[in-house]
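As provided, protein11.cif (mmCIF, C-alpha atoms) reads as follows.
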```cif
data_final
loop_
_atom_site.group_PDB
_atom_site.id
_atom_site.type_symbol
_atom_site.label_atom_id
_atom_site.label_comp_id
_atom_site.auth_asym_id
_atom_site.auth_seq_id
_atom_site.Cartn_x
_atom_site.Cartn_y
_atom_site.Cartn_z
ATOM 1 C CA MET A 1488 0.000 0.000 0.000
ATOM 2 C CA SER A 1489 1.173 3.530 -0.758
ATOM 3 C CA ARG A 1490 -0.113 6.837 0.468
ATOM 4 C CA PHE A 1491 -1.468 9.399 -1.949
ATOM 5 C CA ASP A 1492 -2.385 13.026 -1.497
ATOM 6 C CA VAL A 1493 -5.586 13.734 -3.356
ATOM 7 C CA GLU A 1494 -6.851 17.245 -3.926
ATOM 8 C CA VAL A 1495 -10.548 17.317 -4.720
ATOM 9 C CA ARG A 1496 -11.580 20.539 -6.449
ATOM 10 C CA ILE A 1497 -15.301 21.186 -6.436
ATOM 11 C CA LYS A 1498 -16.800 23.903 -8.620
ATOM 12 C CA PRO A 1499 -20.344 25.043 -9.349
ATOM 13 C CA ARG A 1500 -21.519 23.484 -12.613
ATOM 14 C CA PRO A 1501 -21.269 25.707 -15.693
ATOM 15 C CA GLY A 1502 -24.382 27.795 -16.256
ATOM 16 C CA LEU A 1503 -25.373 27.533 -12.613
ATOM 17 C CA LEU A 1504 -25.938 30.753 -10.767
ATOM 18 C CA ASP A 1505 -22.966 31.260 -8.438
ATOM 19 C CA PRO A 1506 -23.782 34.248 -6.219
ATOM 20 C CA GLN A 1507 -20.487 33.963 -4.318
ATOM 21 C CA GLY A 1508 -18.466 34.017 -7.534
ATOM 22 C CA LYS A 1509 -20.502 36.989 -8.732
ATOM 23 C CA ALA A 1510 -19.864 38.908 -5.501
ATOM 24 C CA VAL A 1511 -16.117 38.202 -5.731
ATOM 25 C CA HIS A 1512 -16.119 39.298 -9.368
ATOM 26 C CA HIS A 1513 -17.824 42.603 -8.481
ATOM 27 C CA ALA A 1514 -15.364 43.181 -5.638
ATOM 28 C CA LEU A 1515 -12.392 42.636 -7.959
ATOM 29 C CA GLU A 1516 -13.882 45.054 -10.484
ATOM 30 C CA SER A 1517 -14.461 47.698 -7.844
ATOM 31 C CA LEU A 1518 -10.810 47.343 -6.784
ATOM 32 C CA GLY A 1519 -9.870 48.213 -10.354
ATOM 33 C CA TYR A 1520 -8.819 44.754 -11.533
ATOM 34 C CA ASP A 1521 -10.266 44.715 -15.019
ATOM 35 C CA GLY A 1522 -9.937 41.892 -17.488
ATOM 36 C CA VAL A 1523 -11.383 39.295 -15.111
ATOM 37 C CA SER A 1524 -14.180 37.820 -17.188
ATOM 38 C CA GLU A 1525 -15.478 35.359 -14.611
ATOM 39 C CA ALA A 1526 -15.045 34.268 -10.996
ATOM 40 C CA LYS A 1527 -16.299 30.995 -9.535
ATOM 41 C CA VAL A 1528 -16.113 30.015 -5.902
ATOM 42 C CA GLY A 1529 -15.859 26.338 -5.058
ATOM 43 C CA ARG A 1530 -14.119 24.304 -2.413
ATOM 44 C CA LEU A 1531 -10.988 22.245 -2.067
ATOM 45 C CA ILE A 1532 -10.838 19.069 -0.009
ATOM 46 C CA ALA A 1533 -7.407 17.594 0.674
ATOM 47 C CA LEU A 1534 -7.348 13.885 1.440
ATOM 48 C CA THR A 1535 -4.544 11.480 2.158
ATOM 49 C CA VAL A 1536 -5.551 7.939 1.208
ATOM 50 C CA GLU A 1537 -3.874 4.583 1.251
ATOM 51 C CA ALA A 1538 -4.215 2.610 -1.939
ATOM 52 C CA GLY A 1539 -2.422 -0.010 -3.999
ATOM 53 C CA SER A 1540 -1.826 2.326 -6.933
ATOM 54 C CA GLU A 1541 -2.498 5.839 -8.132
ATOM 55 C CA ALA A 1542 -5.361 4.552 -10.296
ATOM 56 C CA ASP A 1543 -6.854 2.791 -7.296
ATOM 57 C CA ALA A 1544 -6.618 5.958 -5.172
ATOM 58 C CA ARG A 1545 -8.290 7.965 -7.935
ATOM 59 C CA ASP A 1546 -11.034 5.393 -8.282
ATOM 60 C CA ARG A 1547 -11.827 5.370 -4.574
ATOM 61 C CA VAL A 1548 -11.921 9.152 -4.264
ATOM 62 C CA GLU A 1549 -14.158 9.414 -7.343
ATOM 63 C CA GLN A 1550 -16.613 7.151 -5.532
ATOM 64 C CA MET A 1551 -16.401 9.345 -2.421
ATOM 65 C CA CYS A 1552 -17.136 12.389 -4.572
ATOM 66 C CA ARG A 1553 -20.178 10.818 -6.136
ATOM 67 C CA LYS A 1554 -21.516 9.618 -2.796
ATOM 68 C CA LEU A 1555 -20.738 12.534 -0.472
ATOM 69 C CA LEU A 1556 -18.178 15.170 -1.392
ATOM 70 C CA ALA A 1557 -19.900 16.717 -4.419
ATOM 71 C CA ASN A 1558 -23.569 17.133 -5.279
ATOM 72 C CA PRO A 1559 -23.982 15.983 -8.895
ATOM 73 C CA VAL A 1560 -26.999 18.287 -9.327
ATOM 74 C CA THR A 1561 -25.007 21.458 -8.757
ATOM 75 C CA GLU A 1562 -21.286 20.681 -8.693
ATOM 76 C CA ASP A 1563 -18.466 19.296 -10.855
ATOM 77 C CA PHE A 1564 -15.311 17.859 -9.363
ATOM 78 C CA SER A 1565 -11.782 17.171 -10.521
ATOM 79 C CA LEU A 1566 -8.941 15.351 -8.786
ATOM 80 C CA ARG A 1567 -5.209 15.840 -8.545
ATOM 81 C CA VAL A 1568 -3.429 12.780 -7.227
ATOM 82 C CA THR A 1569 0.211 12.755 -6.116
ATOM 83 C CA GLU A 1570 2.201 10.249 -4.128
ATOM 84 C CA ALA A 1571 2.443 11.408 -0.506
ATOM 85 C CA PRO A 1572 5.902 12.049 0.919
ATOM 86 C CA ALA A 1573 7.157 9.039 2.842
ATOM 87 C CA VAL A 1574 6.554 9.123 6.575
ATOM 88 C CA THR A 1575 9.655 8.469 8.649
ATOM 89 C CA ASP A 1576 8.802 6.679 11.812
ATOM 90 C CA GLY A 1577 10.849 5.449 14.705
ATOM 91 C CA ASP A 1578 13.486 7.693 16.197
ATOM 92 C CA GLY A 1579 14.422 9.471 12.947
ATOM 93 C CA MET B 412 -51.438 9.400 15.518
ATOM 94 C CA LYS B 413 -47.743 8.975 16.190
ATOM 95 C CA VAL B 414 -45.378 11.353 14.452
ATOM 96 C CA ALA B 415 -41.602 10.948 14.722
ATOM 97 C CA VAL B 416 -39.702 14.240 14.872
ATOM 98 C CA ILE B 417 -36.061 13.573 14.015
ATOM 99 C CA THR B 418 -33.377 15.457 15.927
ATOM 100 C CA PHE B 419 -29.973 15.781 14.293
ATOM 101 C CA PRO B 420 -27.035 17.489 15.993
ATOM 102 C CA GLY B 421 -27.756 21.114 15.065
ATOM 103 C CA SER B 422 -31.522 20.774 14.571
ATOM 104 C CA ASN B 423 -33.223 23.763 16.172
ATOM 105 C CA CYS B 424 -36.876 23.504 15.116
ATOM 106 C CA ASP B 425 -37.489 20.030 16.522
ATOM 107 C CA TYR B 426 -39.243 21.410 19.620
ATOM 108 C CA ASP B 427 -41.260 23.830 17.477
ATOM 109 C CA CYS B 428 -42.528 20.894 15.418
ATOM 110 C CA TYR B 429 -43.230 18.884 18.570
ATOM 111 C CA GLN B 430 -45.091 21.818 20.096
ATOM 112 C CA ALA B 431 -47.127 22.491 16.936
ATOM 113 C CA LEU B 432 -48.289 18.870 16.871
ATOM 114 C CA LYS B 433 -49.224 19.056 20.570
ATOM 115 C CA THR B 434 -51.010 22.398 20.169
ATOM 116 C CA LEU B 435 -53.091 21.297 17.198
ATOM 117 C CA GLY B 436 -54.072 18.051 18.893
ATOM 118 C CA GLY B 437 -54.699 14.567 17.633
ATOM 119 C CA PHE B 438 -50.984 13.790 17.409
ATOM 120 C CA GLU B 439 -48.573 11.982 19.671
ATOM 121 C CA PRO B 440 -45.197 13.415 18.693
ATOM 122 C CA GLU B 441 -42.089 11.466 19.629
ATOM 123 C CA PHE B 442 -38.472 12.461 19.200
ATOM 124 C CA ARG B 443 -36.021 10.230 17.401
ATOM 125 C CA TRP B 444 -32.276 10.847 17.658
ATOM 126 C CA HIS B 445 -30.105 10.749 14.541
ATOM 127 C CA ARG B 446 -28.261 7.701 15.884
ATOM 128 C CA ASP B 447 -31.440 5.651 16.299
ATOM 129 C CA GLU B 448 -31.677 2.930 13.710
ATOM 130 C CA LYS B 449 -35.417 2.369 13.953
ATOM 131 C CA LEU B 450 -38.406 4.667 13.655
ATOM 132 C CA GLY B 451 -40.621 2.250 15.528
ATOM 133 C CA ASP B 452 -44.363 2.242 15.081
ATOM 134 C CA VAL B 453 -45.090 5.720 13.701
ATOM 135 C CA ASP B 454 -47.605 7.060 11.191
ATOM 136 C CA ALA B 455 -45.610 10.004 9.849
ATOM 137 C CA VAL B 456 -42.136 11.553 10.020
ATOM 138 C CA LEU B 457 -41.080 15.195 10.308
ATOM 139 C CA LEU B 458 -37.563 16.350 9.505
ATOM 140 C CA PRO B 459 -37.246 19.710 11.262
ATOM 141 C CA GLY B 460 -35.290 22.828 10.423
ATOM 142 C CA GLY B 461 -31.924 23.833 11.780
ATOM 143 C CA PHE B 462 -28.292 23.430 10.842
ATOM 144 C CA SER B 463 -27.634 19.711 11.047
ATOM 145 C CA TYR B 464 -23.905 19.023 11.380
ATOM 146 C CA GLY B 465 -23.278 22.758 11.169
ATOM 147 C CA ASP B 466 -24.243 22.719 7.462
ATOM 148 C CA TYR B 467 -20.686 21.467 6.873
ATOM 149 C CA LEU B 468 -19.863 20.433 3.304
ATOM 150 C CA ARG B 469 -23.385 21.308 2.058
ATOM 151 C CA SER B 470 -26.666 21.789 3.940
ATOM 152 C CA GLY B 471 -28.078 18.352 4.702
ATOM 153 C CA ALA B 472 -25.191 16.453 3.066
ATOM 154 C CA ILE B 473 -23.944 14.764 6.224
ATOM 155 C CA ALA B 474 -27.306 14.313 8.004
ATOM 156 C CA ARG B 475 -28.408 12.237 5.067
ATOM 157 C CA PHE B 476 -25.992 9.494 6.149
ATOM 158 C CA SER B 477 -27.246 9.387 9.766
ATOM 159 C CA PRO B 478 -28.337 5.917 10.880
ATOM 160 C CA ILE B 479 -31.977 7.087 11.275
ATOM 161 C CA MET B 480 -32.122 8.220 7.635
ATOM 162 C CA GLU B 481 -32.021 4.647 6.372
ATOM 163 C CA ALA B 482 -35.209 3.989 8.319
ATOM 164 C CA VAL B 483 -36.738 7.263 7.037
ATOM 165 C CA VAL B 484 -35.930 6.366 3.411
ATOM 166 C CA GLU B 485 -37.438 2.914 3.912
ATOM 167 C CA PHE B 486 -40.576 4.442 5.527
ATOM 168 C CA ALA B 487 -40.922 6.905 2.634
ATOM 169 C CA ARG B 488 -40.416 4.252 -0.055
ATOM 170 C CA ALA B 489 -43.200 2.218 1.597
ATOM 171 C CA GLY B 490 -45.534 5.210 1.148
ATOM 172 C CA GLY B 491 -45.367 6.709 4.647
ATOM 173 C CA PRO B 492 -45.870 10.482 4.822
ATOM 174 C CA VAL B 493 -42.621 12.402 5.383
ATOM 175 C CA ALA B 494 -42.308 16.179 5.544
ATOM 176 C CA GLY B 495 -39.000 18.041 5.618
ATOM 177 C CA ILE B 496 -39.072 21.672 6.645
ATOM 178 C CA CYS B 497 -36.168 24.009 5.799
ATOM 179 C CA ASN B 498 -33.060 21.960 6.708
ATOM 180 C CA GLY B 499 -35.356 18.921 6.467
ATOM 181 C CA PHE B 500 -36.042 19.838 2.809
ATOM 182 C CA GLN B 501 -32.288 20.096 2.184
ATOM 183 C CA ILE B 502 -31.766 16.651 3.753
ATOM 184 C CA LEU B 503 -34.537 15.129 1.592
ATOM 185 C CA CYS B 504 -32.908 16.520 -1.577
ATOM 186 C CA GLU B 505 -29.469 15.267 -0.541
ATOM 187 C CA SER B 506 -30.905 11.830 0.251
ATOM 188 C CA GLY B 507 -32.460 11.561 -3.200
ATOM 189 C CA LEU B 508 -36.041 11.315 -1.903
ATOM 190 C CA LEU B 509 -36.717 14.644 -3.606
ATOM 191 C CA PRO B 510 -35.126 15.975 -6.816
ATOM 192 C CA GLY B 511 -33.041 19.116 -7.111
ATOM 193 C CA ALA B 512 -30.866 20.977 -4.637
ATOM 194 C CA LEU B 513 -30.999 24.067 -2.441
ATOM 195 C CA LEU B 514 -28.269 26.582 -3.252
ATOM 196 C CA PRO B 515 -27.218 29.687 -1.326
ATOM 197 C CA ASN B 516 -29.793 32.466 -1.600
ATOM 198 C CA GLU B 517 -29.230 34.622 -4.673
ATOM 199 C CA SER B 518 -28.741 37.655 -2.394
ATOM 200 C CA LEU B 519 -26.210 35.734 -0.256
ATOM 201 C CA LEU B 520 -28.208 37.040 2.733
ATOM 202 C CA PHE B 521 -29.822 34.943 5.424
ATOM 203 C CA ARG B 522 -33.531 35.687 4.997
ATOM 204 C CA SER B 523 -35.646 35.646 8.135
ATOM 205 C CA TYR B 524 -39.115 37.160 7.849
ATOM 206 C CA ASP B 525 -42.695 36.313 6.909
ATOM 207 C CA VAL B 526 -43.334 35.539 3.247
ATOM 208 C CA HIS B 527 -46.443 34.770 1.274
ATOM 209 C CA ILE B 528 -46.743 31.411 -0.389
ATOM 210 C CA ARG B 529 -49.493 30.119 -2.645
ATOM 211 C CA VAL B 530 -50.870 26.609 -2.337
ATOM 212 C CA GLU B 531 -50.415 25.178 -5.839
ATOM 213 C CA THR B 532 -51.924 21.757 -5.268
ATOM 214 C CA VAL B 533 -54.206 20.242 -2.653
ATOM 215 C CA ARG B 534 -53.527 16.738 -3.941
ATOM 216 C CA THR B 535 -51.056 15.856 -1.180
ATOM 217 C CA PRO B 536 -51.433 14.479 2.367
ATOM 218 C CA PHE B 537 -50.131 17.846 3.610
ATOM 219 C CA THR B 538 -52.334 20.342 1.773
ATOM 220 C CA SER B 539 -55.811 18.806 1.431
ATOM 221 C CA ALA B 540 -57.214 21.145 4.121
ATOM 222 C CA TYR B 541 -56.258 24.211 2.053
ATOM 223 C CA GLU B 542 -57.845 25.571 -1.058
ATOM 224 C CA ARG B 543 -55.974 25.636 -4.341
ATOM 225 C CA HIS B 544 -54.293 29.047 -4.822
ATOM 226 C CA GLN B 545 -54.926 30.010 -1.201
ATOM 227 C CA VAL B 546 -52.259 32.497 -0.086
ATOM 228 C CA LEU B 547 -50.576 31.791 3.256
ATOM 229 C CA ARG B 548 -48.351 34.026 5.369
ATOM 230 C CA ILE B 549 -45.592 31.902 6.891
ATOM 231 C CA PRO B 550 -42.066 32.712 8.133
ATOM 232 C CA ILE B 551 -38.854 31.705 6.407
ATOM 233 C CA ALA B 552 -35.403 31.589 8.019
ATOM 234 C CA HIS B 553 -32.671 30.291 5.728
ATOM 235 C CA GLY B 554 -29.438 31.009 3.904
ATOM 236 C CA ASP B 555 -29.634 28.113 1.433
ATOM 237 C CA GLY B 556 -33.170 28.113 0.067
ATOM 238 C CA ASN B 557 -32.578 28.722 -3.614
ATOM 239 C CA PHE B 558 -34.215 25.716 -5.252
ATOM 240 C CA HIS B 559 -32.390 24.483 -8.320
ATOM 241 C CA ALA B 560 -33.096 21.613 -10.699
ATOM 242 C CA ASP B 561 -32.353 21.009 -14.377
ATOM 243 C CA ASP B 562 -34.959 22.037 -16.967
ATOM 244 C CA GLU B 563 -36.170 18.501 -17.465
ATOM 245 C CA THR B 564 -36.842 18.031 -13.737
ATOM 246 C CA LEU B 565 -38.593 21.410 -13.502
ATOM 247 C CA ALA B 566 -40.837 20.477 -16.459
ATOM 248 C CA GLU B 567 -41.661 17.193 -14.740
ATOM 249 C CA LEU B 568 -42.497 18.943 -11.444
ATOM 250 C CA GLU B 569 -44.739 21.406 -13.297
ATOM 251 C CA GLY B 570 -46.384 18.774 -15.509
ATOM 252 C CA ASP B 571 -47.096 16.327 -12.694
ATOM 253 C CA ASP B 572 -48.606 18.939 -10.335
ATOM 254 C CA ARG B 573 -45.763 18.387 -7.865
ATOM 255 C CA ILE B 574 -45.018 22.018 -7.015
ATOM 256 C CA VAL B 575 -46.838 22.427 -3.709
ATOM 257 C CA PHE B 576 -46.002 26.024 -2.734
ATOM 258 C CA ARG B 577 -44.688 29.062 -4.634
ATOM 259 C CA TYR B 578 -43.453 32.387 -3.291
ATOM 260 C CA VAL B 579 -45.932 35.133 -4.203
ATOM 261 C CA ASP B 580 -46.860 38.621 -3.043
ATOM 262 C CA ALA B 581 -49.774 39.264 -0.665
ATOM 263 C CA ASP B 582 -52.175 39.233 -3.637
ATOM 264 C CA GLY B 583 -50.932 35.883 -4.851
ATOM 265 C CA SER B 584 -48.942 37.237 -7.831
ATOM 266 C CA LEU B 585 -45.573 35.847 -8.899
ATOM 267 C CA THR B 586 -43.604 39.091 -8.731
ATOM 268 C CA PRO B 587 -39.781 38.912 -8.738
ATOM 269 C CA GLU B 588 -39.688 40.802 -5.395
ATOM 270 C CA ALA B 589 -41.791 38.064 -3.792
ATOM 271 C CA ASN B 590 -39.094 35.452 -4.407
ATOM 272 C CA PRO B 591 -36.835 35.690 -1.328
ATOM 273 C CA ASN B 592 -33.989 33.458 -2.484
ATOM 274 C CA GLY B 593 -33.931 33.157 -6.284
ATOM 275 C CA SER B 594 -35.670 29.764 -6.416
ATOM 276 C CA ALA B 595 -36.445 28.437 -9.896
ATOM 277 C CA HIS B 596 -40.131 28.908 -10.791
ATOM 278 C CA HIS B 597 -40.619 30.559 -7.346
ATOM 279 C CA ILE B 598 -40.610 27.087 -5.793
ATOM 280 C CA ALA B 599 -41.073 27.014 -2.008
ATOM 281 C CA GLY B 600 -42.111 23.351 -1.703
ATOM 282 C CA ILE B 601 -42.409 20.169 -3.770
ATOM 283 C CA VAL B 602 -43.531 16.554 -3.426
ATOM 284 C CA ASN B 603 -42.036 13.344 -4.799
ATOM 285 C CA ALA B 604 -43.678 11.411 -7.635
ATOM 286 C CA SER B 605 -45.772 9.288 -5.259
ATOM 287 C CA ARG B 606 -46.791 12.474 -3.402
ATOM 288 C CA ASN B 607 -46.032 11.210 0.129
ATOM 289 C CA VAL B 608 -42.757 13.110 0.632
ATOM 290 C CA LEU B 609 -42.936 16.900 0.975
ATOM 291 C CA GLY B 610 -40.048 19.347 1.209
ATOM 292 C CA MET B 611 -40.600 23.039 1.909
ATOM 293 C CA MET B 612 -38.411 25.961 2.995
ATOM 294 C CA PRO B 613 -41.022 28.030 4.947
ATOM 295 C CA HIS B 614 -41.827 27.062 8.539
ATOM 296 C CA PRO B 615 -45.512 26.087 8.997
ATOM 297 C CA GLU B 616 -44.778 24.960 12.574
ATOM 298 C CA ARG B 617 -44.043 28.601 13.439
ATOM 299 C CA ALA B 618 -47.492 29.708 12.255
ATOM 300 C CA VAL B 619 -49.996 27.581 14.126
ATOM 301 C CA GLU B 620 -51.480 29.885 16.778
ATOM 302 C CA PRO B 621 -52.456 33.565 16.914
ATOM 303 C CA VAL B 622 -49.738 34.440 19.439
ATOM 304 C CA LEU B 623 -47.155 33.479 16.789
ATOM 305 C CA GLY B 624 -48.583 36.070 14.386
ATOM 306 C CA SER B 625 -50.155 33.665 11.915
ATOM 307 C CA THR B 626 -52.171 30.464 11.959
ATOM 308 C CA ASP B 627 -51.747 29.809 8.244
ATOM 309 C CA GLY B 628 -49.383 26.873 8.820
ATOM 310 C CA ALA B 629 -51.917 24.889 10.823
ATOM 311 C CA GLY B 630 -53.574 23.528 7.674
ATOM 312 C CA LEU B 631 -50.494 21.481 6.894
ATOM 313 C CA PHE B 632 -50.866 19.544 10.121
ATOM 314 C CA THR B 633 -54.650 19.273 9.958
ATOM 315 C CA SER B 634 -54.282 17.944 6.386
ATOM 316 C CA LEU B 635 -51.854 15.320 7.657
ATOM 317 C CA ARG B 636 -54.222 14.384 10.489
ATOM 318 C CA ARG B 637 -57.106 14.037 8.071
ATOM 319 C CA HIS B 638 -54.952 11.917 5.769
ATOM 320 C CA LEU B 639 -53.886 9.596 8.575
ATOM 321 C CA GLU B 640 -57.444 9.293 9.893
ATOM 322 C CA GLY B 641 -58.578 8.372 6.390
ATOM 323 C CA ALA B 642 -55.807 5.799 6.082
ATOM 324 C CA MET B 643 -56.876 4.211 9.351
ATOM 325 C CA ALA B 644 -60.609 4.246 8.726
#
```
Kindly return the structure encoded in the file as structure tokens.
Amino acid sequence: MSRFDVEVRIKPRPGLLDPQGKAVHHALESLGYDGVSEAKVGRLIALTVEAGSEADARDRVEQMCRKLLANPVTEDFSLRVTEAPAVTDGDG
Amino acid sequence: MKVAVITFPGSNCDYDCYQALKTLGGFEPEFRWHRDEKLGDVDAVLLPGGFSYGDYLRSGAIARFSPIMEAVVEFARAGGPVAGICNGFQILCESGLLPGALLPNESLLFRSYDVHIRVETVRTPFTSAYERHQVLRIPIAHGDGNFHADDETLAELEGDDRIVFRYVDADGSLTPEANPNGSAHHIAGIVNASRNVLGMMPHPERAVEPVLGSTDGAGLFTSLRRHLEGAMA
């Protein structure tokens, strides 16, 4: 088993009204930052999972997303999977 | 008639529901804790408002996996009447018993005041004591009440007479100002396809006696009582 860091990025689905993103966009505009055509606010969930392979880790977290972490009616998710740094145990 | 009122960690309208049932009479309300695995011998279930699990992740997302919810889903699938109010509506959507989702209010503001809602259908166990298109004044108190569903689902809800309440003005008109949260089609409450599961954002349990400022919510409970009496007769 290896450990993997998985970043789950959850975003409002395209076309869905995102009042938070809209408020952030307005705030950026009022600060004078032009050229921002869109702002979306989502959430990031960082998991560390144990799995036999990267594909296995991805597969398991996709299931978690479909069951709990994202709402398929309103949200899309994407994953970034990297091998977690080795943990040194003992007296090191 | 025994009605289970489910308490999740963070529920805050469970006692209001209990009290409304007591006040209106004919009900024996009983609390069930989220960790209970059985509903026991009850005739109806109420999922109250509040902030179950602190609304972490999404409103209702974690409550839906409480042990008691398996029993609630089973009860609902067998045709038992289930009503979810406010956070209860969010939990019913997350659990898949009702379609759609409740997004943050369009204004991003927590809305807490009386609204007017129009009874769109009396063909449910919860609205038979009202008249179609009757306008009710009932409080809301929510941050995530913006009902969203895809176009196909909305067409189905409209076509199958499953929209139970819509936000309107005092005259019963669908003005944009009357919609407190941006809900699609002004939806304030819906039922499932078999019409035994209701979800609504407004709080009928807070409008059941004159001292509360309105008695317009009482009809929901008297409808349920009538329905259960009919089922037992």
Discussion item. Going by the chain IDs and residue numbers used in this file, which residues fall under the PyMOL selection byres ((chain A) within 7 of (chain B))? Write them as a ChimeraX atom specification.
Written reply: /A:1506,1555,1560
Worksheet item: For the file shown, what are the residues hit by the PyMOL selection byres ((chain A and resi 1545) around 12), laid out as number ranges by chain?
Response: A: 1490-1495, 1534-1544, 1546-1552, 1565-1570
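Applied to this file, the PyMOL selection byres ((chain B and resi 566-581) around 6) selects the residues His527, Ile528, Arg529, Val530, Glu531, Thr532, Glu563, Thr564, Leu565, Asp582, Gly583, Ser584, Leu585, Ala589, Asn590, His597, Ile598, Ala599, Gly600, Ile601 and Val602 of chain B.
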Discussion item. As a list of chain:residue names, please: the residues near range 1519-1523 of chain A (cut-off 12 Å, only C-alpha atoms, same-chain neighbours under 5 positions excluded).
Written reply: A:Gly1508, A:Lys1509, A:Val1511, A:His1512, A:His1513, A:Ala1514
Please produce a file of the residues just selected, as a PDB file, in the frame of the given file, where the atoms kept are C-alpha atoms.
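What landed in again-v7.pdb:
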```pdb
ATOM      1  CA  GLY A1508     -18.466  34.017  -7.534  1.00  0.00           C
ATOM      2  CA  LYS A1509     -20.502  36.989  -8.732  1.00  0.00           C
ATOM      3  CA  VAL A1511     -16.117  38.202  -5.731  1.00  0.00           C
ATOM      4  CA  HIS A1512     -16.119  39.298  -9.368  1.00  0.00           C
ATOM      5  CA  HIS A1513     -17.824  42.603  -8.481  1.00  0.00           C
ATOM      6  CA  ALA A1514     -15.364  43.181  -5.638  1.00  0.00           C
TER       7      ALA A1514
END
```
Worksheet item: Interatomic distance between CA of Asn603 in chain B and CA of Gly507 in chain B?
Response: 9.9 Å
Response to the item:
One decimal place gives the CA of Pro492 in chain B-CA of His596 in chain B separation as 24.8 Å
Fill in: Interatomic distance, CA of Arg488 in chain B to CA of Glu448 in chain B (Å, one decimal)
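Distance between the two atoms: 16.4 Å.
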Practice prompt. Determine the nearest neighbour of Gly465 in chain B from the options B:Met480, B:Tyr429, B:Asn423, B:Trp444, counting all atoms listed in the file.
Written response: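 Smallest distance to Gly465 in chain B is found for B:Asn423.
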Practice prompt. For Gly610 in chain B, work out the shell of residues within 8 Å, counting only C-alpha atoms and skipping chain neighbours fewer than 6 positions away, then give it as an MDAnalysis selection string.
Written response: chainID B and resid 494:497 499:501 503 509 600:602
Discussion item. Please list, as JSON, numbers by chain, the residues that have an atom at most 12 Å away from (-55.4, 13.4, 3.5) in the coordinates of this file, counting all atoms listed in the file.
Written reply: {"B": [492, 533, 534, 535, 536, 537, 538, 539, 540, 541, 606, 607, 630, 631, 632, 633, 634, 635, 636, 637, 638, 639, 640, 641, 642, 643, 644]}
Item to complete: Go through A:Met1488, A:Leu1515, A:Ile1532, A:Leu1503 one by one, measure the shortest atom-to-atom distance of each to Glu1562 in chain A using only C-alpha atoms, and give the residue with the smallest value.
Response: A:Leu1503
Worksheet item: In terms of the shortest atom-to-atom distance over all atoms listed in the file, which of B:Asp555, B:Asp427, B:Asp562, B:Asp454 is closest to Ala618 in chain B?
Response: B:Asp427
Item to complete: May I have the residues within 10 Å of Val456 in chain B as a list in words, using all atoms listed in the file and disregarding those fewer than 5 positions away in the same chain?
Response: Lys413, Val414, Ala415, Val416, Ile417, Pro440, Glu441, Phe442, Arg443, Leu450, Val483, Phe486, Ala487, Gly491, Pro492, Val493, Ala494, Gly495 and Val608 of chain B
Worksheet item: Which residue, A:Asp1563, A:Pro1572, A:Glu1516, A:Asp1505, has the smallest gap to Val1528 in chain A when you use all atoms listed in the file?
Response: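 Closest candidate: A:Asp1505.
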Export of range 1563-1574 of chain A: N, CA and C atoms, as a PDB file, in the first residue's frame:
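So the final result, stored in selection08.pdb, reads:
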```pdb
ATOM      1  N   ASP A1563     -19.405  20.166 -10.138  1.00  0.00           N
ATOM      2  CA  ASP A1563     -18.466  19.296 -10.855  1.00  0.00           C
ATOM      3  C   ASP A1563     -17.229  19.138  -9.988  1.00  0.00           C
ATOM      4  N   PHE A1564     -16.549  18.009 -10.137  1.00  0.00           N
ATOM      5  CA  PHE A1564     -15.311  17.859  -9.363  1.00  0.00           C
ATOM      6  C   PHE A1564     -14.185  17.394 -10.272  1.00  0.00           C
ATOM      7  N   SER A1565     -12.961  17.722  -9.853  1.00  0.00           N
ATOM      8  CA  SER A1565     -11.782  17.171 -10.521  1.00  0.00           C
ATOM      9  C   SER A1565     -10.773  16.804  -9.436  1.00  0.00           C
ATOM     10  N   LEU A1566      -9.886  15.860  -9.774  1.00  0.00           N
ATOM     11  CA  LEU A1566      -8.941  15.351  -8.786  1.00  0.00           C
ATOM     12  C   LEU A1566      -7.513  15.593  -9.241  1.00  0.00           C
ATOM     13  N   ARG A1567      -6.641  15.839  -8.263  1.00  0.00           N
ATOM     14  CA  ARG A1567      -5.209  15.840  -8.545  1.00  0.00           C
ATOM     15  C   ARG A1567      -4.566  14.876  -7.558  1.00  0.00           C
ATOM     16  N   VAL A1568      -3.964  13.832  -8.086  1.00  0.00           N
ATOM     17  CA  VAL A1568      -3.429  12.780  -7.227  1.00  0.00           C
ATOM     18  C   VAL A1568      -1.906  12.804  -7.296  1.00  0.00           C
ATOM     19  N   THR A1569      -1.253  12.858  -6.149  1.00  0.00           N
ATOM     20  CA  THR A1569       0.211  12.755  -6.116  1.00  0.00           C
ATOM     21  C   THR A1569       0.609  11.805  -4.995  1.00  0.00           C
ATOM     22  N   GLU A1570       1.746  11.163  -5.176  1.00  0.00           N
ATOM     23  CA  GLU A1570       2.201  10.249  -4.128  1.00  0.00           C
ATOM     24  C   GLU A1570       2.592  11.074  -2.906  1.00  0.00           C
ATOM     25  N   ALA A1571       2.156  10.651  -1.730  1.00  0.00           N
ATOM     26  CA  ALA A1571       2.443  11.408  -0.506  1.00  0.00           C
ATOM     27  C   ALA A1571       3.900  11.195  -0.115  1.00  0.00           C
ATOM     28  N   PRO A1572       4.533  12.226   0.460  1.00  0.00           N
ATOM     29  CA  PRO A1572       5.902  12.049   0.919  1.00  0.00           C
ATOM     30  C   PRO A1572       5.964  10.934   1.966  1.00  0.00           C
ATOM     31  N   ALA A1573       7.029  10.176   1.919  1.00  0.00           N
ATOM     32  CA  ALA A1573       7.157   9.039   2.842  1.00  0.00           C
ATOM     33  C   ALA A1573       7.189   9.529   4.282  1.00  0.00           C
ATOM     34  N   VAL A1574       6.555   8.771   5.155  1.00  0.00           N
ATOM     35  CA  VAL A1574       6.554   9.123   6.575  1.00  0.00           C
ATOM     36  C   VAL A1574       7.725   8.400   7.226  1.00  0.00           C
TER      37      VAL A1574
END
```
